[in-house]
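Printed here is work-v8.cif (mmCIF, N, CA and C atoms):
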data_query
loop_
_atom_site.label_atom_id
_atom_site.label_comp_id
_atom_site.auth_asym_id
_atom_site.auth_seq_id
_atom_site.Cartn_x
_atom_site.Cartn_y
_atom_site.Cartn_z
N ASN A 22 -69.45 -12.49 3.25
CA ASN A 22 -68.03 -12.84 3.20
C ASN A 22 -67.80 -14.03 2.28
N GLY A 23 -68.60 -14.13 1.23
CA GLY A 23 -68.42 -15.18 0.24
C GLY A 23 -68.67 -16.58 0.76
N GLY A 24 -69.36 -16.70 1.89
CA GLY A 24 -69.64 -18.01 2.47
C GLY A 24 -68.52 -18.51 3.38
N CYS A 25 -67.52 -17.69 3.59
CA CYS A 25 -66.41 -18.07 4.48
C CYS A 25 -66.62 -17.47 5.87
N GLU A 26 -66.13 -18.16 6.89
CA GLU A 26 -66.30 -17.68 8.26
C GLU A 26 -65.43 -16.47 8.58
N GLN A 27 -64.16 -16.48 8.14
CA GLN A 27 -63.27 -15.38 8.51
C GLN A 27 -62.77 -14.61 7.28
N THR A 28 -62.03 -15.25 6.39
CA THR A 28 -61.43 -14.54 5.26
C THR A 28 -61.80 -15.25 3.95
N CYS A 29 -62.19 -14.45 2.97
CA CYS A 29 -62.55 -14.98 1.66
C CYS A 29 -61.67 -14.31 0.62
N THR A 30 -61.01 -15.12 -0.22
CA THR A 30 -60.19 -14.60 -1.30
C THR A 30 -60.82 -15.03 -2.62
N ASN A 31 -61.12 -14.03 -3.46
CA ASN A 31 -61.72 -14.33 -4.78
C ASN A 31 -60.65 -14.94 -5.69
N THR A 32 -61.04 -15.97 -6.39
CA THR A 32 -60.20 -16.57 -7.43
C THR A 32 -61.05 -16.64 -8.69
N PRO A 33 -60.46 -16.80 -9.86
CA PRO A 33 -61.27 -16.85 -11.10
C PRO A 33 -62.33 -17.97 -11.03
N GLY A 34 -63.58 -17.57 -10.97
CA GLY A 34 -64.69 -18.52 -10.96
C GLY A 34 -64.94 -19.20 -9.63
N SER A 35 -64.26 -18.79 -8.57
CA SER A 35 -64.45 -19.45 -7.28
C SER A 35 -63.99 -18.53 -6.14
N ARG A 36 -63.71 -19.14 -5.02
CA ARG A 36 -63.20 -18.42 -3.86
C ARG A 36 -62.40 -19.40 -3.00
N VAL A 37 -61.53 -18.86 -2.12
CA VAL A 37 -60.76 -19.68 -1.19
C VAL A 37 -60.99 -19.10 0.20
N CYS A 38 -61.43 -19.97 1.11
CA CYS A 38 -61.63 -19.54 2.51
C CYS A 38 -60.33 -19.76 3.28
N SER A 39 -60.02 -18.84 4.17
CA SER A 39 -58.87 -18.99 5.05
C SER A 39 -59.22 -18.43 6.42
N CYS A 40 -58.33 -18.67 7.36
CA CYS A 40 -58.57 -18.26 8.74
C CYS A 40 -57.42 -17.42 9.25
N ARG A 41 -57.72 -16.62 10.25
CA ARG A 41 -56.69 -15.80 10.89
C ARG A 41 -55.73 -16.70 11.67
N SER A 42 -54.60 -16.14 12.07
CA SER A 42 -53.61 -16.86 12.86
C SER A 42 -54.26 -17.41 14.13
N GLY A 43 -53.92 -18.64 14.48
CA GLY A 43 -54.49 -19.27 15.66
C GLY A 43 -55.71 -20.11 15.38
N PHE A 44 -56.13 -20.14 14.10
CA PHE A 44 -57.28 -20.93 13.68
C PHE A 44 -56.88 -21.81 12.51
N VAL A 45 -57.64 -22.87 12.27
CA VAL A 45 -57.40 -23.75 11.14
C VAL A 45 -58.71 -23.91 10.37
N VAL A 46 -58.59 -24.00 9.03
CA VAL A 46 -59.79 -24.16 8.20
C VAL A 46 -60.36 -25.54 8.44
N GLU A 47 -61.67 -25.58 8.66
CA GLU A 47 -62.38 -26.84 8.85
C GLU A 47 -63.68 -26.72 8.05
N ARG A 48 -63.72 -27.39 6.91
CA ARG A 48 -64.81 -27.25 5.92
C ARG A 48 -64.87 -25.79 5.50
N ASN A 49 -65.99 -25.10 5.66
CA ASN A 49 -66.05 -23.67 5.34
C ASN A 49 -65.97 -22.81 6.59
N GLY A 50 -65.56 -23.40 7.69
CA GLY A 50 -65.45 -22.66 8.94
C GLY A 50 -64.03 -22.64 9.46
N CYS A 51 -63.86 -22.02 10.57
CA CYS A 51 -62.55 -21.94 11.22
C CYS A 51 -62.66 -22.50 12.63
N ARG A 52 -61.69 -23.34 13.00
CA ARG A 52 -61.66 -23.93 14.34
C ARG A 52 -60.44 -23.39 15.07
N ASP A 53 -60.65 -23.01 16.30
CA ASP A 53 -59.56 -22.50 17.14
C ASP A 53 -58.54 -23.60 17.38
N ILE A 54 -57.26 -23.25 17.27
CA ILE A 54 -56.17 -24.17 17.61
C ILE A 54 -55.88 -23.99 19.10
N ASP A 55 -55.86 -25.06 19.86
CA ASP A 55 -55.53 -24.98 21.28
C ASP A 55 -54.01 -25.01 21.42
N GLU A 56 -53.40 -23.82 21.48
CA GLU A 56 -51.95 -23.69 21.56
C GLU A 56 -51.39 -24.35 22.82
N CYS A 57 -52.20 -24.48 23.87
CA CYS A 57 -51.74 -25.07 25.13
C CYS A 57 -51.49 -26.57 25.03
N ASN A 58 -52.04 -27.22 23.99
CA ASN A 58 -51.86 -28.66 23.82
C ASN A 58 -50.45 -29.03 23.35
N THR A 59 -49.70 -28.07 22.83
CA THR A 59 -48.34 -28.33 22.35
C THR A 59 -47.35 -27.59 23.24
N ASN A 60 -46.51 -28.34 23.94
CA ASN A 60 -45.46 -27.77 24.78
C ASN A 60 -46.00 -26.73 25.76
N ASN A 61 -47.20 -26.96 26.29
CA ASN A 61 -47.85 -26.04 27.24
C ASN A 61 -47.93 -24.62 26.68
N GLY A 62 -48.02 -24.49 25.35
CA GLY A 62 -48.12 -23.19 24.71
C GLY A 62 -46.87 -22.34 24.85
N GLY A 63 -45.76 -22.96 25.29
CA GLY A 63 -44.53 -22.22 25.54
C GLY A 63 -44.50 -21.56 26.91
N CYS A 64 -45.57 -21.76 27.70
CA CYS A 64 -45.66 -21.16 29.03
C CYS A 64 -44.88 -21.99 30.04
N GLU A 65 -44.21 -21.31 30.96
CA GLU A 65 -43.45 -22.03 31.98
C GLU A 65 -44.36 -22.75 32.97
N GLN A 66 -45.48 -22.12 33.36
CA GLN A 66 -46.34 -22.76 34.36
C GLN A 66 -47.74 -23.04 33.84
N THR A 67 -48.59 -22.04 33.70
CA THR A 67 -50.00 -22.25 33.34
C THR A 67 -50.31 -21.63 31.99
N CYS A 68 -50.97 -22.40 31.14
CA CYS A 68 -51.38 -21.93 29.81
C CYS A 68 -52.90 -21.97 29.73
N THR A 69 -53.51 -20.86 29.30
CA THR A 69 -54.96 -20.79 29.11
C THR A 69 -55.22 -20.47 27.64
N ASN A 70 -55.95 -21.36 26.96
CA ASN A 70 -56.27 -21.14 25.55
C ASN A 70 -57.30 -20.02 25.43
N THR A 71 -57.09 -19.14 24.46
CA THR A 71 -58.04 -18.08 24.13
C THR A 71 -58.30 -18.16 22.63
N PRO A 72 -59.39 -17.60 22.13
CA PRO A 72 -59.66 -17.68 20.69
C PRO A 72 -58.51 -17.10 19.86
N GLY A 73 -57.82 -17.96 19.12
CA GLY A 73 -56.74 -17.53 18.25
C GLY A 73 -55.39 -17.36 18.92
N SER A 74 -55.31 -17.62 20.21
CA SER A 74 -54.05 -17.41 20.92
C SER A 74 -54.03 -18.20 22.22
N ARG A 75 -53.20 -17.75 23.17
CA ARG A 75 -53.12 -18.32 24.50
C ARG A 75 -52.57 -17.27 25.44
N VAL A 76 -52.79 -17.45 26.74
CA VAL A 76 -52.28 -16.54 27.76
C VAL A 76 -51.54 -17.37 28.80
N CYS A 77 -50.33 -16.94 29.14
CA CYS A 77 -49.55 -17.61 30.18
C CYS A 77 -49.81 -16.92 31.51
N SER A 78 -49.79 -17.70 32.59
CA SER A 78 -49.92 -17.13 33.92
C SER A 78 -49.08 -17.97 34.88
N CYS A 79 -48.99 -17.50 36.11
CA CYS A 79 -48.12 -18.14 37.10
C CYS A 79 -48.92 -18.51 38.34
N ARG A 80 -48.44 -19.54 39.03
CA ARG A 80 -49.06 -19.96 40.28
C ARG A 80 -48.79 -18.92 41.37
N SER A 81 -49.52 -19.06 42.46
CA SER A 81 -49.34 -18.18 43.60
C SER A 81 -47.89 -18.21 44.07
N GLY A 82 -47.35 -17.05 44.39
CA GLY A 82 -45.97 -16.95 44.83
C GLY A 82 -45.01 -16.69 43.70
N PHE A 83 -45.53 -16.56 42.46
CA PHE A 83 -44.72 -16.27 41.29
C PHE A 83 -45.33 -15.09 40.54
N VAL A 84 -44.52 -14.40 39.77
CA VAL A 84 -45.01 -13.28 38.95
C VAL A 84 -44.53 -13.51 37.51
N LEU A 85 -45.39 -13.16 36.55
CA LEU A 85 -45.07 -13.35 35.13
C LEU A 85 -44.03 -12.31 34.71
N GLU A 86 -42.96 -12.77 34.08
CA GLU A 86 -41.91 -11.89 33.59
C GLU A 86 -42.41 -11.12 32.37
N SER A 87 -41.69 -10.08 31.97
CA SER A 87 -42.10 -9.22 30.85
C SER A 87 -42.15 -9.97 29.52
N ASN A 88 -41.45 -11.12 29.41
CA ASN A 88 -41.51 -11.89 28.15
C ASN A 88 -42.84 -12.62 27.99
N GLY A 89 -43.68 -12.61 29.03
CA GLY A 89 -45.02 -13.20 28.94
C GLY A 89 -45.09 -14.70 29.04
N VAL A 90 -43.95 -15.38 29.28
CA VAL A 90 -43.97 -16.84 29.34
C VAL A 90 -43.28 -17.42 30.57
N THR A 91 -42.29 -16.74 31.15
CA THR A 91 -41.57 -17.28 32.30
C THR A 91 -42.06 -16.64 33.59
N CYS A 92 -41.90 -17.37 34.69
CA CYS A 92 -42.36 -16.93 35.99
C CYS A 92 -41.17 -16.77 36.94
N ARG A 93 -41.25 -15.73 37.79
CA ARG A 93 -40.20 -15.47 38.78
C ARG A 93 -40.78 -15.69 40.17
N ASP A 94 -40.04 -16.42 40.99
CA ASP A 94 -40.44 -16.69 42.36
C ASP A 94 -40.38 -15.41 43.17
N THR A 95 -41.45 -15.07 43.88
CA THR A 95 -41.49 -13.85 44.70
C THR A 95 -41.44 -14.15 46.19
N SER A 96 -41.29 -15.44 46.54
CA SER A 96 -41.24 -15.77 47.96
C SER A 96 -39.88 -15.39 48.54
N PRO A 97 -39.84 -15.07 49.83
CA PRO A 97 -38.57 -14.69 50.45
C PRO A 97 -37.57 -15.84 50.39
N THR A 98 -36.30 -15.48 50.23
CA THR A 98 -35.24 -16.48 50.29
C THR A 98 -34.52 -16.33 51.62
N THR A 99 -34.21 -17.43 52.22
CA THR A 99 -33.53 -17.37 53.52
C THR A 99 -32.27 -18.21 53.46
N SER A 100 -31.35 -17.88 54.33
CA SER A 100 -30.14 -18.68 54.45
C SER A 100 -30.02 -19.14 55.88
N THR A 101 -29.53 -20.34 56.06
CA THR A 101 -29.36 -20.89 57.40
C THR A 101 -27.93 -20.60 57.86
N PRO A 102 -27.81 -19.92 59.00
CA PRO A 102 -26.46 -19.60 59.47
C PRO A 102 -25.71 -20.87 59.90
N THR A 103 -24.42 -20.84 59.69
CA THR A 103 -23.57 -21.94 60.14
C THR A 103 -22.89 -21.49 61.42
N ILE A 104 -23.10 -22.24 62.48
CA ILE A 104 -22.51 -21.90 63.76
C ILE A 104 -21.34 -22.85 63.98
N PRO A 105 -20.12 -22.31 64.10
CA PRO A 105 -18.97 -23.19 64.29
C PRO A 105 -19.03 -23.86 65.66
N PRO A 106 -18.47 -25.07 65.76
CA PRO A 106 -18.45 -25.73 67.06
C PRO A 106 -17.64 -24.90 68.05
N THR A 107 -18.16 -24.83 69.25
CA THR A 107 -17.49 -24.05 70.28
C THR A 107 -17.73 -24.69 71.63
N THR A 108 -16.88 -24.44 72.56
CA THR A 108 -17.06 -24.98 73.91
C THR A 108 -17.73 -23.97 74.80
N SER A 109 -17.89 -22.73 74.30
CA SER A 109 -18.49 -21.69 75.11
C SER A 109 -19.47 -20.91 74.25
N THR A 110 -20.57 -20.48 74.83
CA THR A 110 -21.53 -19.66 74.10
C THR A 110 -21.27 -18.18 74.34
N GLU A 111 -20.26 -17.88 75.11
CA GLU A 111 -19.91 -16.50 75.38
C GLU A 111 -19.33 -15.87 74.12
N ASN A 112 -19.79 -14.67 73.79
CA ASN A 112 -19.34 -13.92 72.61
C ASN A 112 -19.62 -14.65 71.28
N LEU A 113 -20.69 -15.43 71.25
CA LEU A 113 -21.08 -16.13 70.03
C LEU A 113 -21.89 -15.16 69.16
N ALA A 114 -21.49 -14.95 67.91
CA ALA A 114 -22.19 -14.05 67.02
C ALA A 114 -22.95 -14.87 65.98
N VAL A 115 -24.20 -14.49 65.74
CA VAL A 115 -25.02 -15.15 64.74
C VAL A 115 -25.59 -14.07 63.84
N SER A 116 -25.52 -14.28 62.53
CA SER A 116 -26.05 -13.32 61.57
C SER A 116 -27.00 -14.06 60.64
N ILE A 117 -28.19 -13.51 60.44
CA ILE A 117 -29.19 -14.11 59.55
C ILE A 117 -29.60 -13.04 58.54
N SER A 118 -29.59 -13.39 57.26
CA SER A 118 -30.01 -12.46 56.21
C SER A 118 -31.21 -13.03 55.48
N VAL A 119 -32.15 -12.16 55.13
CA VAL A 119 -33.33 -12.55 54.36
C VAL A 119 -33.43 -11.58 53.19
N GLU A 120 -33.57 -12.13 51.98
CA GLU A 120 -33.74 -11.28 50.81
C GLU A 120 -35.13 -11.52 50.25
N TYR A 121 -35.84 -10.43 49.92
CA TYR A 121 -37.20 -10.52 49.40
C TYR A 121 -37.38 -9.47 48.33
N ASP A 122 -37.81 -9.89 47.17
CA ASP A 122 -38.09 -8.99 46.06
C ASP A 122 -39.60 -9.03 45.82
N PRO A 123 -40.35 -8.09 46.42
CA PRO A 123 -41.82 -8.16 46.32
C PRO A 123 -42.31 -7.91 44.90
N PRO A 124 -43.50 -8.45 44.56
CA PRO A 124 -44.06 -8.21 43.24
C PRO A 124 -44.40 -6.73 43.06
N ALA A 125 -44.52 -6.29 41.82
CA ALA A 125 -44.77 -4.88 41.52
C ALA A 125 -46.06 -4.37 42.16
N ASP A 126 -47.07 -5.24 42.33
CA ASP A 126 -48.35 -4.81 42.90
C ASP A 126 -48.40 -4.94 44.42
N PHE A 127 -47.24 -5.13 45.07
CA PHE A 127 -47.18 -5.28 46.53
C PHE A 127 -47.62 -3.99 47.21
N THR A 128 -48.53 -4.11 48.17
CA THR A 128 -48.97 -2.98 48.98
C THR A 128 -48.52 -3.21 50.41
N PRO A 129 -47.67 -2.32 50.95
CA PRO A 129 -47.17 -2.51 52.31
C PRO A 129 -48.28 -2.46 53.35
N GLY A 130 -48.14 -3.27 54.39
CA GLY A 130 -49.07 -3.25 55.51
C GLY A 130 -48.68 -2.14 56.47
N PRO A 131 -49.36 -2.02 57.64
CA PRO A 131 -49.11 -0.92 58.56
C PRO A 131 -47.70 -0.93 59.16
N ASN A 132 -47.06 -2.08 59.29
CA ASN A 132 -45.72 -2.14 59.88
C ASN A 132 -44.66 -2.53 58.85
N GLU A 133 -44.96 -2.26 57.57
CA GLU A 133 -44.05 -2.63 56.49
C GLU A 133 -43.72 -1.40 55.66
N TYR A 134 -42.67 -1.51 54.85
CA TYR A 134 -42.35 -0.44 53.93
C TYR A 134 -41.91 -1.05 52.61
N ARG A 135 -41.89 -0.23 51.56
CA ARG A 135 -41.47 -0.69 50.24
C ARG A 135 -40.17 0.00 49.89
N ALA A 136 -39.17 -0.80 49.48
CA ALA A 136 -37.90 -0.24 49.06
C ALA A 136 -38.08 0.51 47.75
N ALA A 137 -37.19 1.44 47.47
CA ALA A 137 -37.28 2.24 46.25
C ALA A 137 -37.24 1.34 45.02
N SER A 138 -36.35 0.35 45.00
CA SER A 138 -36.29 -0.57 43.88
C SER A 138 -35.44 -1.76 44.26
N GLY A 139 -35.67 -2.88 43.57
CA GLY A 139 -34.86 -4.08 43.77
C GLY A 139 -35.18 -4.83 45.03
N PRO A 140 -34.45 -5.91 45.28
CA PRO A 140 -34.70 -6.73 46.46
C PRO A 140 -34.26 -6.03 47.74
N VAL A 141 -34.90 -6.43 48.82
CA VAL A 141 -34.59 -5.89 50.14
C VAL A 141 -33.82 -6.97 50.89
N THR A 142 -32.69 -6.61 51.50
CA THR A 142 -31.94 -7.54 52.31
C THR A 142 -31.92 -7.01 53.74
N VAL A 143 -32.37 -7.84 54.67
CA VAL A 143 -32.39 -7.48 56.08
C VAL A 143 -31.42 -8.41 56.78
N THR A 144 -30.48 -7.85 57.54
CA THR A 144 -29.52 -8.66 58.28
C THR A 144 -29.66 -8.37 59.77
N CYS A 145 -29.84 -9.43 60.54
CA CYS A 145 -29.94 -9.31 61.99
C CYS A 145 -28.72 -10.00 62.60
N THR A 146 -28.06 -9.33 63.47
CA THR A 146 -26.90 -9.91 64.14
C THR A 146 -27.12 -9.90 65.64
N ALA A 147 -26.88 -11.04 66.25
CA ALA A 147 -27.06 -11.14 67.71
C ALA A 147 -25.76 -11.56 68.36
#

Taking this structure as input, can you express it in the form of structure tokens?
Amino acid sequence: NGGCEQTCTNTPGSRVCSCRSGFVVERNGCRDIDECNTNNGGCEQTCTNTPGSRVCSCRSGFVLESNGVTCRDTSPTTSTPTIPPTTSTENLAVSISVEYDPPADFTPGPNEYRAASGPVTVTCTA
């Protein structure tokens, strides 16, 4: 390869060494650029340097979005019911809703089911 590590371009009476994207020329060799050192590689949560590139990933409870850089929370969301002040508990109605959008690789347990698509909202009224 003309004495170059990655790419060699012939010039009149000489040659020019260059490197692929994600690398920088260092003497006659190529050194990997650690993309994670600048702005976390553009990753929202975790950046892992790879030769010539980087890979984004998410912490537990999050899933990587299709853009490869942002993470979506997969933990259930809950709301706290507001109970109006009353002098009697007779005929008191309470409603609690829980919304959960499981990750694509979710496998239901024996007492669970998977919705056809989108988040699942369960409302219990007492």

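In this structure, atom C of Asp53 of chain A sits 15.3 Å away from atom C of Cys25 of chain A.
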
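Shortest atom-to-atom contact with Ser42 of chain A among A:Thr67, A:Glu56, A:Gly24, A:Gly73: A:Gly73, counting all atoms listed in the file.
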
Considering only C-alpha atoms, return as JSON, numbers by chain whatever protein or nucleic-acid residues lie within 12 Å of Arg75 of chain A, sequence-local ones (same chain, fewer than 2 positions apart) excluded. {"A": [42, 43, 44, 53, 54, 55, 56, 57, 58, 59, 61, 62, 63, 64, 67, 68, 69, 70, 71, 72, 73, 77, 78, 89, 90]}

Matched chain/residue IDs from the PyMOL selection byres ((chain A and resi 50) around 8), as a CSV table (one decimal) with N, CA and C atoms, keeping the file's coordinate frame:
chain,number,residue,atom,x,y,z
A,24,GLY,N,-69.4,-16.7,1.9
A,24,GLY,CA,-69.6,-18.0,2.5
A,24,GLY,C,-68.5,-18.5,3.4
A,25,CYS,N,-67.5,-17.7,3.6
A,25,CYS,CA,-66.4,-18.1,4.5
A,25,CYS,C,-66.6,-17.5,5.9
A,26,GLU,N,-66.1,-18.2,6.9
A,26,GLU,CA,-66.3,-17.7,8.3
A,26,GLU,C,-65.4,-16.5,8.6
A,27,GLN,N,-64.2,-16.5,8.1
A,27,GLN,CA,-63.3,-15.4,8.5
A,27,GLN,C,-62.8,-14.6,7.3
A,38,CYS,N,-61.4,-20.0,1.1
A,38,CYS,CA,-61.6,-19.5,2.5
A,38,CYS,C,-60.3,-19.8,3.3
A,39,SER,N,-60.0,-18.8,4.2
A,39,SER,CA,-58.9,-19.0,5.0
A,39,SER,C,-59.2,-18.4,6.4
A,40,CYS,N,-58.3,-18.7,7.4
A,40,CYS,CA,-58.6,-18.3,8.7
A,40,CYS,C,-57.4,-17.4,9.2
A,44,PHE,N,-56.1,-20.1,14.1
A,44,PHE,CA,-57.3,-20.9,13.7
A,44,PHE,C,-56.9,-21.8,12.5
A,45,VAL,N,-57.6,-22.9,12.3
A,45,VAL,CA,-57.4,-23.8,11.1
A,45,VAL,C,-58.7,-23.9,10.4
A,46,VAL,N,-58.6,-24.0,9.0
A,46,VAL,CA,-59.8,-24.2,8.2
A,46,VAL,C,-60.4,-25.5,8.4
A,47,GLU,N,-61.7,-25.6,8.7
A,47,GLU,CA,-62.4,-26.8,8.8
A,47,GLU,C,-63.7,-26.7,8.0
A,48,ARG,N,-63.7,-27.4,6.9
A,48,ARG,CA,-64.8,-27.2,5.9
A,48,ARG,C,-64.9,-25.8,5.5
A,49,ASN,N,-66.0,-25.1,5.7
A,49,ASN,CA,-66.0,-23.7,5.3
A,49,ASN,C,-66.0,-22.8,6.6
A,51,CYS,N,-63.9,-22.0,10.6
A,51,CYS,CA,-62.6,-21.9,11.2
A,51,CYS,C,-62.7,-22.5,12.6
A,52,ARG,N,-61.7,-23.3,13.0
A,52,ARG,CA,-61.7,-23.9,14.3
A,52,ARG,C,-60.4,-23.4,15.1
A,53,ASP,N,-60.6,-23.0,16.3
A,53,ASP,CA,-59.6,-22.5,17.1
A,53,ASP,C,-58.5,-23.6,17.4

When the PyMOL selection byres ((chain A and resi 84) around 8) is applied to the structure above, which residues does it catch, written out as a ChimeraX atom specification? /A:78-83,85-87,91-96,124-125

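For the atom pair formed by atom C of Thr30 of chain A and atom CA of Ser74 of chain A, the distance is 24.6 Å, given to one decimal.
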
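Going from atom C of Gly23 of chain A over to atom CA of Ser35 of chain A, you cover 9.5 Å.
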
N, CA, C and O atoms for segment 30-45 of chain A, written as a PDB file, in the coordinates of the input, could you do that?
ATOM      1  N   THR A  30     -61.010 -15.120  -0.220  1.00  0.00           N
ATOM      2  CA  THR A  30     -60.190 -14.600  -1.300  1.00  0.00           C
ATOM      3  C   THR A  30     -60.820 -15.030  -2.620  1.00  0.00           C
ATOM      4  O   THR A  30     -61.035 -16.225  -2.851  1.00  0.00           O
ATOM      5  N   ASN A  31     -61.120 -14.030  -3.460  1.00  0.00           N
ATOM      6  CA  ASN A  31     -61.720 -14.330  -4.780  1.00  0.00           C
ATOM      7  C   ASN A  31     -60.650 -14.940  -5.690  1.00  0.00           C
ATOM      8  O   ASN A  31     -59.502 -14.483  -5.721  1.00  0.00           O
ATOM      9  N   THR A  32     -61.040 -15.970  -6.390  1.00  0.00           N
ATOM     10  CA  THR A  32     -60.200 -16.570  -7.430  1.00  0.00           C
ATOM     11  C   THR A  32     -61.050 -16.640  -8.690  1.00  0.00           C
ATOM     12  O   THR A  32     -62.288 -16.549  -8.612  1.00  0.00           O
ATOM     13  N   PRO A  33     -60.460 -16.800  -9.860  1.00  0.00           N
ATOM     14  CA  PRO A  33     -61.270 -16.850 -11.100  1.00  0.00           C
ATOM     15  C   PRO A  33     -62.330 -17.970 -11.030  1.00  0.00           C
ATOM     16  O   PRO A  33     -61.997 -19.146 -10.905  1.00  0.00           O
ATOM     17  N   GLY A  34     -63.580 -17.570 -10.970  1.00  0.00           N
ATOM     18  CA  GLY A  34     -64.690 -18.520 -10.960  1.00  0.00           C
ATOM     19  C   GLY A  34     -64.940 -19.200  -9.630  1.00  0.00           C
ATOM     20  O   GLY A  34     -65.765 -20.104  -9.542  1.00  0.00           O
ATOM     21  N   SER A  35     -64.260 -18.790  -8.570  1.00  0.00           N
ATOM     22  CA  SER A  35     -64.450 -19.450  -7.280  1.00  0.00           C
ATOM     23  C   SER A  35     -63.990 -18.530  -6.140  1.00  0.00           C
ATOM     24  O   SER A  35     -63.859 -17.316  -6.315  1.00  0.00           O
ATOM     25  N   ARG A  36     -63.710 -19.140  -5.020  1.00  0.00           N
ATOM     26  CA  ARG A  36     -63.200 -18.420  -3.860  1.00  0.00           C
ATOM     27  C   ARG A  36     -62.400 -19.400  -3.000  1.00  0.00           C
ATOM     28  O   ARG A  36     -62.548 -20.615  -3.110  1.00  0.00           O
ATOM     29  N   VAL A  37     -61.530 -18.860  -2.120  1.00  0.00           N
ATOM     30  CA  VAL A  37     -60.760 -19.680  -1.190  1.00  0.00           C
ATOM     31  C   VAL A  37     -60.990 -19.100   0.200  1.00  0.00           C
ATOM     32  O   VAL A  37     -60.797 -17.901   0.434  1.00  0.00           O
ATOM     33  N   CYS A  38     -61.430 -19.970   1.110  1.00  0.00           N
ATOM     34  CA  CYS A  38     -61.630 -19.540   2.510  1.00  0.00           C
ATOM     35  C   CYS A  38     -60.330 -19.760   3.280  1.00  0.00           C
ATOM     36  O   CYS A  38     -59.633 -20.754   3.089  1.00  0.00           O
ATOM     37  N   SER A  39     -60.020 -18.840   4.170  1.00  0.00           N
ATOM     38  CA  SER A  39     -58.870 -18.990   5.050  1.00  0.00           C
ATOM     39  C   SER A  39     -59.220 -18.430   6.420  1.00  0.00           C
ATOM     40  O   SER A  39     -60.271 -17.815   6.611  1.00  0.00           O
ATOM     41  N   CYS A  40     -58.330 -18.670   7.360  1.00  0.00           N
ATOM     42  CA  CYS A  40     -58.570 -18.260   8.740  1.00  0.00           C
ATOM     43  C   CYS A  40     -57.420 -17.420   9.250  1.00  0.00           C
ATOM     44  O   CYS A  40     -56.291 -17.516   8.765  1.00  0.00           O
ATOM     45  N   ARG A  41     -57.720 -16.620  10.250  1.00  0.00           N
ATOM     46  CA  ARG A  41     -56.690 -15.800  10.890  1.00  0.00           C
ATOM     47  C   ARG A  41     -55.730 -16.700  11.670  1.00  0.00           C
ATOM     48  O   ARG A  41     -56.013 -17.877  11.913  1.00  0.00           O
ATOM     49  N   SER A  42     -54.600 -16.140  12.070  1.00  0.00           N
ATOM     50  CA  SER A  42     -53.610 -16.860  12.860  1.00  0.00           C
ATOM     51  C   SER A  42     -54.260 -17.410  14.130  1.00  0.00           C
ATOM     52  O   SER A  42     -55.071 -16.735  14.765  1.00  0.00           O
ATOM     53  N   GLY A  43     -53.920 -18.640  14.480  1.00  0.00           N
ATOM     54  CA  GLY A  43     -54.490 -19.270  15.660  1.00  0.00           C
ATOM     55  C   GLY A  43     -55.710 -20.110  15.380  1.00  0.00           C
ATOM     56  O   GLY A  43     -56.299 -20.693  16.285  1.00  0.00           O
ATOM     57  N   PHE A  44     -56.130 -20.140  14.100  1.00  0.00           N
ATOM     58  CA  PHE A  44     -57.280 -20.930  13.680  1.00  0.00           C
ATOM     59  C   PHE A  44     -56.880 -21.810  12.510  1.00  0.00           C
ATOM     60  O   PHE A  44     -55.907 -21.524  11.808  1.00  0.00           O
ATOM     61  N   VAL A  45     -57.640 -22.870  12.270  1.00  0.00           N
ATOM     62  CA  VAL A  45     -57.400 -23.750  11.140  1.00  0.00           C
ATOM     63  C   VAL A  45     -58.710 -23.910  10.370  1.00  0.00           C
ATOM     64  O   VAL A  45     -59.791 -23.927  10.975  1.00  0.00           O
TER      65      VAL A  45
END
